[in-house]
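Structure file start27.txt with compact mmCIF, N, CA and C atoms:
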```txt
# COMPACT_ATOMS: atom_id res chain seq x y z
N MET I 1 0.84 -1.18 0.00
CA MET I 1 0.00 0.00 0.00
C MET I 1 0.89 1.24 0.00
N ALA I 2 0.59 2.15 -0.90
CA ALA I 2 1.38 3.37 -1.02
C ALA I 2 1.00 4.33 0.10
N LYS I 3 2.00 5.06 0.56
CA LYS I 3 1.77 6.03 1.62
C LYS I 3 1.08 7.26 1.03
N LEU I 4 -0.01 7.70 1.67
CA LEU I 4 -0.77 8.85 1.19
C LEU I 4 -0.20 10.13 1.80
N SER I 5 -0.18 11.18 1.02
CA SER I 5 0.28 12.47 1.54
C SER I 5 -0.86 13.11 2.35
N GLN I 6 -0.51 14.13 3.09
CA GLN I 6 -1.50 14.82 3.90
C GLN I 6 -2.60 15.42 3.02
N GLU I 7 -2.22 15.95 1.86
CA GLU I 7 -3.20 16.52 0.94
C GLU I 7 -4.17 15.45 0.43
N ASP I 8 -3.64 14.25 0.14
CA ASP I 8 -4.49 13.16 -0.32
C ASP I 8 -5.48 12.74 0.76
N LEU I 9 -5.00 12.67 2.01
CA LEU I 9 -5.89 12.32 3.12
C LEU I 9 -6.99 13.36 3.30
N LEU I 10 -6.59 14.64 3.24
CA LEU I 10 -7.58 15.70 3.39
C LEU I 10 -8.61 15.66 2.27
N ALA I 11 -8.17 15.35 1.06
CA ALA I 11 -9.10 15.24 -0.07
C ALA I 11 -10.10 14.11 0.18
N GLN I 12 -9.64 13.01 0.76
CA GLN I 12 -10.53 11.91 1.08
C GLN I 12 -11.53 12.31 2.17
N PHE I 13 -11.06 13.03 3.20
CA PHE I 13 -11.94 13.44 4.28
C PHE I 13 -13.00 14.43 3.80
N GLU I 14 -12.67 15.26 2.82
CA GLU I 14 -13.63 16.22 2.28
C GLU I 14 -14.84 15.53 1.69
N GLU I 15 -14.66 14.33 1.18
CA GLU I 15 -15.74 13.62 0.53
C GLU I 15 -16.66 12.91 1.53
N LEU I 16 -16.24 12.80 2.80
CA LEU I 16 -17.04 12.12 3.81
C LEU I 16 -18.14 13.01 4.34
N THR I 17 -19.25 12.38 4.74
CA THR I 17 -20.29 13.13 5.44
C THR I 17 -19.85 13.28 6.89
N LEU I 18 -20.54 14.10 7.65
CA LEU I 18 -20.18 14.28 9.05
C LEU I 18 -20.37 12.98 9.83
N ILE I 19 -21.37 12.21 9.50
CA ILE I 19 -21.60 10.94 10.19
C ILE I 19 -20.45 9.97 9.89
N GLU I 20 -20.05 9.89 8.63
CA GLU I 20 -18.94 9.02 8.26
C GLU I 20 -17.64 9.47 8.93
N LEU I 21 -17.43 10.77 8.99
CA LEU I 21 -16.24 11.30 9.63
C LEU I 21 -16.25 11.00 11.12
N SER I 22 -17.41 11.12 11.74
CA SER I 22 -17.53 10.80 13.16
C SER I 22 -17.23 9.32 13.42
N GLU I 23 -17.74 8.45 12.57
CA GLU I 23 -17.47 7.01 12.71
C GLU I 23 -15.99 6.72 12.53
N PHE I 24 -15.36 7.41 11.56
CA PHE I 24 -13.92 7.23 11.35
C PHE I 24 -13.13 7.64 12.59
N VAL I 25 -13.50 8.77 13.17
CA VAL I 25 -12.78 9.27 14.36
C VAL I 25 -12.91 8.26 15.50
N LYS I 26 -14.11 7.72 15.69
CA LYS I 26 -14.31 6.72 16.75
C LYS I 26 -13.43 5.49 16.51
N ALA I 27 -13.40 5.02 15.27
CA ALA I 27 -12.57 3.86 14.94
C ALA I 27 -11.09 4.18 15.14
N PHE I 28 -10.66 5.37 14.76
CA PHE I 28 -9.27 5.80 14.93
C PHE I 28 -8.90 5.83 16.40
N GLU I 29 -9.79 6.38 17.24
CA GLU I 29 -9.54 6.46 18.68
C GLU I 29 -9.41 5.06 19.28
N GLU I 30 -10.28 4.15 18.86
CA GLU I 30 -10.22 2.78 19.39
C GLU I 30 -8.94 2.07 18.94
N LYS I 31 -8.61 2.20 17.67
CA LYS I 31 -7.45 1.50 17.11
C LYS I 31 -6.15 1.96 17.76
N PHE I 32 -5.99 3.27 17.96
CA PHE I 32 -4.73 3.81 18.47
C PHE I 32 -4.79 4.24 19.93
N ASP I 33 -5.92 4.00 20.58
CA ASP I 33 -6.11 4.31 21.99
C ASP I 33 -5.75 5.78 22.29
N VAL I 34 -6.37 6.68 21.54
CA VAL I 34 -6.16 8.12 21.70
C VAL I 34 -7.51 8.83 21.72
N THR I 35 -7.46 10.10 22.10
CA THR I 35 -8.65 10.94 22.02
C THR I 35 -8.36 12.05 21.03
N ALA I 36 -9.21 12.19 20.04
CA ALA I 36 -8.97 13.17 18.97
C ALA I 36 -9.94 14.33 19.04
N ALA I 37 -10.41 14.66 20.22
CA ALA I 37 -11.41 15.72 20.35
C ALA I 37 -10.93 17.05 19.79
N ALA I 38 -9.71 17.46 20.11
CA ALA I 38 -9.19 18.74 19.59
C ALA I 38 -8.97 18.67 18.10
N ALA I 39 -8.50 17.54 17.60
CA ALA I 39 -8.24 17.39 16.18
C ALA I 39 -9.53 17.41 15.37
N VAL I 40 -10.63 16.89 15.93
CA VAL I 40 -11.89 16.87 15.21
C VAL I 40 -12.40 18.30 15.00
N ALA I 41 -12.26 19.14 16.01
CA ALA I 41 -12.73 20.51 15.89
C ALA I 41 -11.93 21.28 14.84
N ALA I 42 -10.68 20.93 14.65
CA ALA I 42 -9.84 21.64 13.70
C ALA I 42 -9.85 20.99 12.32
N ALA I 43 -10.43 19.79 12.20
CA ALA I 43 -10.43 19.08 10.92
C ALA I 43 -11.32 19.80 9.92
N PRO I 44 -10.87 19.94 8.69
CA PRO I 44 -11.69 20.60 7.69
C PRO I 44 -12.88 19.72 7.32
N VAL I 45 -14.01 20.34 7.10
CA VAL I 45 -15.18 19.61 6.65
C VAL I 45 -15.49 20.08 5.25
N GLY I 46 -16.18 19.25 4.52
CA GLY I 46 -16.46 19.56 3.12
C GLY I 46 -17.34 20.78 2.98
N PRO I 47 -17.33 21.37 1.80
CA PRO I 47 -18.19 22.52 1.58
C PRO I 47 -19.64 22.10 1.71
N GLY I 48 -20.45 22.90 2.32
CA GLY I 48 -21.85 22.54 2.49
C GLY I 48 -22.11 21.73 3.73
N ALA I 49 -21.07 21.27 4.39
CA ALA I 49 -21.25 20.52 5.63
C ALA I 49 -21.45 21.52 6.76
N VAL I 50 -22.15 21.10 7.77
CA VAL I 50 -22.41 21.98 8.91
C VAL I 50 -21.17 22.02 9.79
N ALA I 51 -20.64 23.23 10.03
CA ALA I 51 -19.44 23.38 10.85
C ALA I 51 -19.82 23.31 12.32
N GLU I 52 -18.82 23.07 13.16
CA GLU I 52 -19.05 23.04 14.60
C GLU I 52 -19.55 24.40 15.06
N ALA I 53 -20.49 24.39 15.98
CA ALA I 53 -21.01 25.64 16.51
C ALA I 53 -19.95 26.29 17.39
N VAL I 54 -19.73 27.57 17.17
CA VAL I 54 -18.75 28.30 17.95
C VAL I 54 -19.42 28.70 19.26
N GLU I 55 -18.71 28.49 20.35
CA GLU I 55 -19.27 28.84 21.66
C GLU I 55 -19.43 30.35 21.74
N GLU I 56 -20.66 30.77 22.04
CA GLU I 56 -20.93 32.20 22.13
C GLU I 56 -20.75 32.70 23.55
N GLN I 57 -20.33 33.92 23.65
CA GLN I 57 -20.17 34.54 24.95
C GLN I 57 -21.57 34.85 25.49
N ASP I 58 -21.83 34.49 26.75
CA ASP I 58 -23.16 34.72 27.30
C ASP I 58 -23.16 35.69 28.47
N GLU I 59 -22.00 36.17 28.88
CA GLU I 59 -21.90 37.16 29.94
C GLU I 59 -21.09 38.35 29.45
N PHE I 60 -21.62 39.54 29.67
CA PHE I 60 -20.98 40.74 29.16
C PHE I 60 -20.78 41.75 30.29
N ASP I 61 -19.79 42.62 30.12
CA ASP I 61 -19.54 43.71 31.05
C ASP I 61 -19.81 45.03 30.31
N VAL I 62 -20.49 45.94 30.99
CA VAL I 62 -20.73 47.27 30.44
C VAL I 62 -19.76 48.21 31.14
N VAL I 63 -18.82 48.78 30.37
CA VAL I 63 -17.77 49.62 30.93
C VAL I 63 -17.99 51.07 30.49
N LEU I 64 -18.09 51.95 31.47
CA LEU I 64 -18.23 53.38 31.20
C LEU I 64 -16.83 53.93 30.92
N THR I 65 -16.63 54.45 29.71
CA THR I 65 -15.30 54.95 29.35
C THR I 65 -15.19 56.46 29.41
N GLY I 66 -16.33 57.13 29.46
CA GLY I 66 -16.31 58.59 29.57
C GLY I 66 -17.70 59.11 29.89
N ALA I 67 -17.76 60.18 30.68
CA ALA I 67 -19.05 60.72 31.10
C ALA I 67 -19.66 61.67 30.07
N GLY I 68 -18.85 62.26 29.23
CA GLY I 68 -19.36 63.21 28.27
C GLY I 68 -19.69 64.55 28.92
N GLU I 69 -20.47 65.36 28.23
CA GLU I 69 -20.79 66.70 28.73
C GLU I 69 -21.96 66.70 29.70
N LYS I 70 -22.82 65.70 29.65
CA LYS I 70 -24.01 65.64 30.50
C LYS I 70 -23.76 64.68 31.66
N LYS I 71 -22.83 65.04 32.50
CA LYS I 71 -22.39 64.18 33.59
C LYS I 71 -23.53 63.86 34.57
N ILE I 72 -24.37 64.80 34.85
CA ILE I 72 -25.48 64.58 35.80
C ILE I 72 -26.45 63.55 35.23
N GLN I 73 -26.75 63.64 33.94
CA GLN I 73 -27.64 62.66 33.30
C GLN I 73 -27.03 61.27 33.36
N VAL I 74 -25.73 61.18 33.14
CA VAL I 74 -25.04 59.89 33.18
C VAL I 74 -25.11 59.31 34.59
N ILE I 75 -24.92 60.14 35.60
CA ILE I 75 -25.01 59.68 36.99
C ILE I 75 -26.41 59.13 37.27
N LYS I 76 -27.45 59.82 36.78
CA LYS I 76 -28.83 59.35 36.97
C LYS I 76 -29.04 57.98 36.33
N VAL I 77 -28.52 57.80 35.12
CA VAL I 77 -28.68 56.51 34.44
C VAL I 77 -27.91 55.42 35.17
N VAL I 78 -26.72 55.72 35.65
CA VAL I 78 -25.93 54.74 36.41
C VAL I 78 -26.71 54.32 37.66
N ARG I 79 -27.35 55.27 38.33
CA ARG I 79 -28.15 54.94 39.52
C ARG I 79 -29.33 54.07 39.15
N GLU I 80 -29.97 54.32 37.98
CA GLU I 80 -31.09 53.50 37.54
C GLU I 80 -30.65 52.06 37.24
N LEU I 81 -29.46 51.92 36.65
CA LEU I 81 -28.98 50.60 36.25
C LEU I 81 -28.44 49.78 37.41
N THR I 82 -27.96 50.47 38.43
CA THR I 82 -27.35 49.79 39.58
C THR I 82 -28.12 50.15 40.83
N SER I 83 -27.71 49.60 41.93
CA SER I 83 -28.34 49.95 43.20
C SER I 83 -27.45 50.90 43.99
N LEU I 84 -26.63 51.65 43.28
CA LEU I 84 -25.70 52.57 43.93
C LEU I 84 -26.41 53.84 44.39
N GLY I 85 -25.90 54.42 45.45
CA GLY I 85 -26.38 55.70 45.93
C GLY I 85 -25.79 56.82 45.09
N LEU I 86 -26.19 58.04 45.40
CA LEU I 86 -25.73 59.19 44.63
C LEU I 86 -24.22 59.35 44.67
N LYS I 87 -23.61 59.26 45.84
CA LYS I 87 -22.16 59.43 45.97
C LYS I 87 -21.41 58.33 45.24
N GLU I 88 -21.86 57.08 45.40
CA GLU I 88 -21.18 55.96 44.74
C GLU I 88 -21.28 56.07 43.21
N ALA I 89 -22.47 56.46 42.73
CA ALA I 89 -22.65 56.62 41.28
C ALA I 89 -21.77 57.75 40.75
N LYS I 90 -21.69 58.85 41.50
CA LYS I 90 -20.84 59.97 41.09
C LYS I 90 -19.38 59.55 41.06
N ASP I 91 -18.94 58.80 42.09
CA ASP I 91 -17.56 58.32 42.13
C ASP I 91 -17.26 57.40 40.95
N LEU I 92 -18.23 56.55 40.60
CA LEU I 92 -18.04 55.65 39.46
C LEU I 92 -17.88 56.44 38.18
N VAL I 93 -18.73 57.45 37.98
CA VAL I 93 -18.67 58.26 36.76
C VAL I 93 -17.37 59.07 36.73
N ASP I 94 -16.94 59.60 37.89
CA ASP I 94 -15.71 60.38 37.94
C ASP I 94 -14.47 59.51 37.72
N GLY I 95 -14.54 58.25 38.05
CA GLY I 95 -13.37 57.38 37.96
C GLY I 95 -13.32 56.53 36.71
N THR I 96 -13.86 57.03 35.61
CA THR I 96 -13.88 56.24 34.38
C THR I 96 -12.47 55.97 33.89
N PRO I 97 -12.18 54.90 33.22
CA PRO I 97 -13.10 53.83 32.83
C PRO I 97 -13.37 52.87 34.00
N LYS I 98 -14.64 52.59 34.21
CA LYS I 98 -15.09 51.70 35.28
C LYS I 98 -16.23 50.84 34.76
N PRO I 99 -16.33 49.59 35.21
CA PRO I 99 -17.48 48.77 34.83
C PRO I 99 -18.73 49.21 35.58
N VAL I 100 -19.82 49.35 34.85
CA VAL I 100 -21.10 49.71 35.46
C VAL I 100 -21.85 48.42 35.81
N LEU I 101 -21.92 47.52 34.86
CA LEU I 101 -22.54 46.21 35.06
C LEU I 101 -21.55 45.14 34.66
N GLU I 102 -21.51 44.05 35.42
CA GLU I 102 -20.60 42.95 35.11
C GLU I 102 -21.37 41.64 35.01
N LYS I 103 -20.97 40.83 34.05
CA LYS I 103 -21.52 39.49 33.85
C LYS I 103 -23.04 39.49 33.74
N VAL I 104 -23.53 40.30 32.79
CA VAL I 104 -24.97 40.36 32.53
C VAL I 104 -25.24 39.78 31.15
N ALA I 105 -26.50 39.46 30.89
CA ALA I 105 -26.91 38.91 29.60
C ALA I 105 -26.71 39.94 28.50
N LYS I 106 -26.62 39.45 27.27
CA LYS I 106 -26.34 40.32 26.13
C LYS I 106 -27.41 41.40 25.98
N GLU I 107 -28.68 41.02 26.12
CA GLU I 107 -29.76 41.98 25.96
C GLU I 107 -29.68 43.08 27.02
N ALA I 108 -29.41 42.69 28.26
CA ALA I 108 -29.29 43.67 29.35
C ALA I 108 -28.10 44.59 29.12
N ALA I 109 -27.00 44.04 28.64
CA ALA I 109 -25.81 44.85 28.38
C ALA I 109 -26.07 45.86 27.26
N GLU I 110 -26.74 45.40 26.20
CA GLU I 110 -27.03 46.31 25.09
C GLU I 110 -27.99 47.41 25.51
N LYS I 111 -28.99 47.04 26.31
CA LYS I 111 -29.97 48.03 26.78
C LYS I 111 -29.30 49.07 27.68
N ALA I 112 -28.43 48.60 28.58
CA ALA I 112 -27.71 49.52 29.47
C ALA I 112 -26.79 50.45 28.67
N ALA I 113 -26.10 49.89 27.68
CA ALA I 113 -25.20 50.70 26.85
C ALA I 113 -25.98 51.76 26.09
N GLU I 114 -27.16 51.40 25.56
CA GLU I 114 -27.98 52.38 24.84
C GLU I 114 -28.44 53.50 25.78
N SER I 115 -28.84 53.14 27.00
CA SER I 115 -29.28 54.15 27.97
C SER I 115 -28.15 55.11 28.31
N LEU I 116 -26.96 54.56 28.53
CA LEU I 116 -25.82 55.42 28.87
C LEU I 116 -25.42 56.30 27.69
N LYS I 117 -25.46 55.75 26.47
CA LYS I 117 -25.12 56.55 25.30
C LYS I 117 -26.14 57.66 25.07
N ALA I 118 -27.41 57.35 25.34
CA ALA I 118 -28.45 58.36 25.18
C ALA I 118 -28.25 59.51 26.16
N ALA I 119 -27.66 59.21 27.33
CA ALA I 119 -27.38 60.25 28.32
C ALA I 119 -26.11 61.02 27.99
N GLY I 120 -25.36 60.60 26.97
CA GLY I 120 -24.17 61.33 26.55
C GLY I 120 -22.86 60.68 26.95
N ALA I 121 -22.90 59.48 27.51
CA ALA I 121 -21.67 58.79 27.95
C ALA I 121 -21.09 57.98 26.80
N SER I 122 -19.80 57.68 26.93
CA SER I 122 -19.18 56.72 26.00
C SER I 122 -19.02 55.41 26.74
N VAL I 123 -19.40 54.32 26.07
CA VAL I 123 -19.54 53.01 26.70
C VAL I 123 -18.93 51.93 25.84
N GLU I 124 -18.38 50.90 26.48
CA GLU I 124 -17.91 49.69 25.78
C GLU I 124 -18.63 48.50 26.37
N VAL I 125 -19.00 47.55 25.52
CA VAL I 125 -19.56 46.29 26.00
C VAL I 125 -18.52 45.23 25.68
N LYS I 126 -18.07 44.58 26.75
CA LYS I 126 -17.01 43.56 26.59
C LYS I 126 -17.57 42.20 26.92
```
Could you render the structure from this file as structure tokens?
Amino acid sequence: MAKLSQEDLLAQFEELTLIELSEFVKAFEEKFDVTAAAAVAAAPVGPGAVAEAVEEQDEFDVVLTGAGEKKIQVIKVVRELTSLGLKEAKDLVDGTPKPVLEKVAKEAAEKAAESLKAAGASVEVK
């Protein structure tokens, strides 16, 4: 049996369906007593095949990067978004860049960022 090059092997794998590729990986793991989990994620799949779902970020931080010209409005919005008192909210706004909300859902982060931007602040969602 002739030795196949890496390109030849990849060409063969492109022709496999995901089910066939999965069965091959299982057989490979059993035969050589290895785990190919990382290699499977990096293995190319044929065009039109469904790629692995990329893990999405589900927790976001809303970071106040600047108060803008309407500092009082920004302080009011910070107080609405958090349970901070007037002094704490003012200190947060004065000490930018500071996180306003941490580890919140995407929708909540976007809504908070819109509220802060509407008040004149500059905001980052990380």
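Among the candidates I:Leu84, I:Ala11, I:Val62, I:Ile19, the residue lying nearest to Ala108 of chain I is I:Val62 (atoms considered: all atoms listed in the file).
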Pairwise distance, atom C of Val78 of chain I with atom N of Asp58 of chain I, equals 23.2 Å
Excluding Ile75 of chain I and any residue of its chain fewer than 3 positions from it, enumerate the residues within 6 Å of it, using all atoms listed in the file, and give them as JSON, numbers by chain. {"I": [71, 72, 78, 79, 89, 90]}
By how many Å are atom CA of Leu86 of chain I and atom CA of Phe60 of chain I apart?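 Spanning atom CA of Leu86 of chain I to atom CA of Phe60 of chain I is a straight-line distance of 24.5 Å.
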Nearest to Gly68 of chain I: which of I:Val125, I:Lys26, I:Val34, I:Gly120 is it, counting all atoms listed in the file?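 The answer is I:Gly120, which sits nearest to Gly68 of chain I.
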Just to confirm, what's the straight-line distance from atom C of Lys76 of chain I to atom CA of Lys106 of chain I in Å (one decimal)? 20.6 Å
Out of I:Val25, I:Ala109, I:Leu18, I:Leu9, which residue has the shortest atom-to-atom distance to Lys126 of chain I when counting all atoms listed in the file? I:Ala109
Give me the residues within 6 Å of Lys98 of chain I as a ChimeraX atom specification, counting all atoms listed in the file and dropping any in the same chain fewer than 5 places off. /I:62-65
To box segment 79-89 of chain I, take all atoms listed in the file, fit an axis-aligned box, add 3 Å on each side, and give centre and edge lengths in Å to one decimal, as JSON.
```
{"center_x": -26.1, "center_y": 54.5, "center_z": 41.1, "size_x": 15.9, "size_y": 15.8, "size_z": 15.7}
```
Calculated over all atoms listed in the file, which of the candidates I:Ala67, I:Val93, I:Val77, I:Phe28 has the smallest distance to Ser115 of chain I? I:Val77
DSSP says helix (DSSP H, G or I) for which residues of segment 1-125 of chain I? Put them as an MDAnalysis selection string? chainID I and resid 6:14 18:32 37:42 71:81 86:94 106:118
Option closest in space to Glu124 of chain I, from I:Asp61, I:Lys87, I:Lys111, I:Glu102 [counting only C-alpha atoms]: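 Ranked by minimum distance to Glu124 of chain I, first place goes to I:Asp61.
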Find the residue from I:Glu59, I:Glu29, I:Leu21, I:Glu7 that sits nearest to Ala105 of chain I; use all atoms listed in the file when measuring. I:Glu59
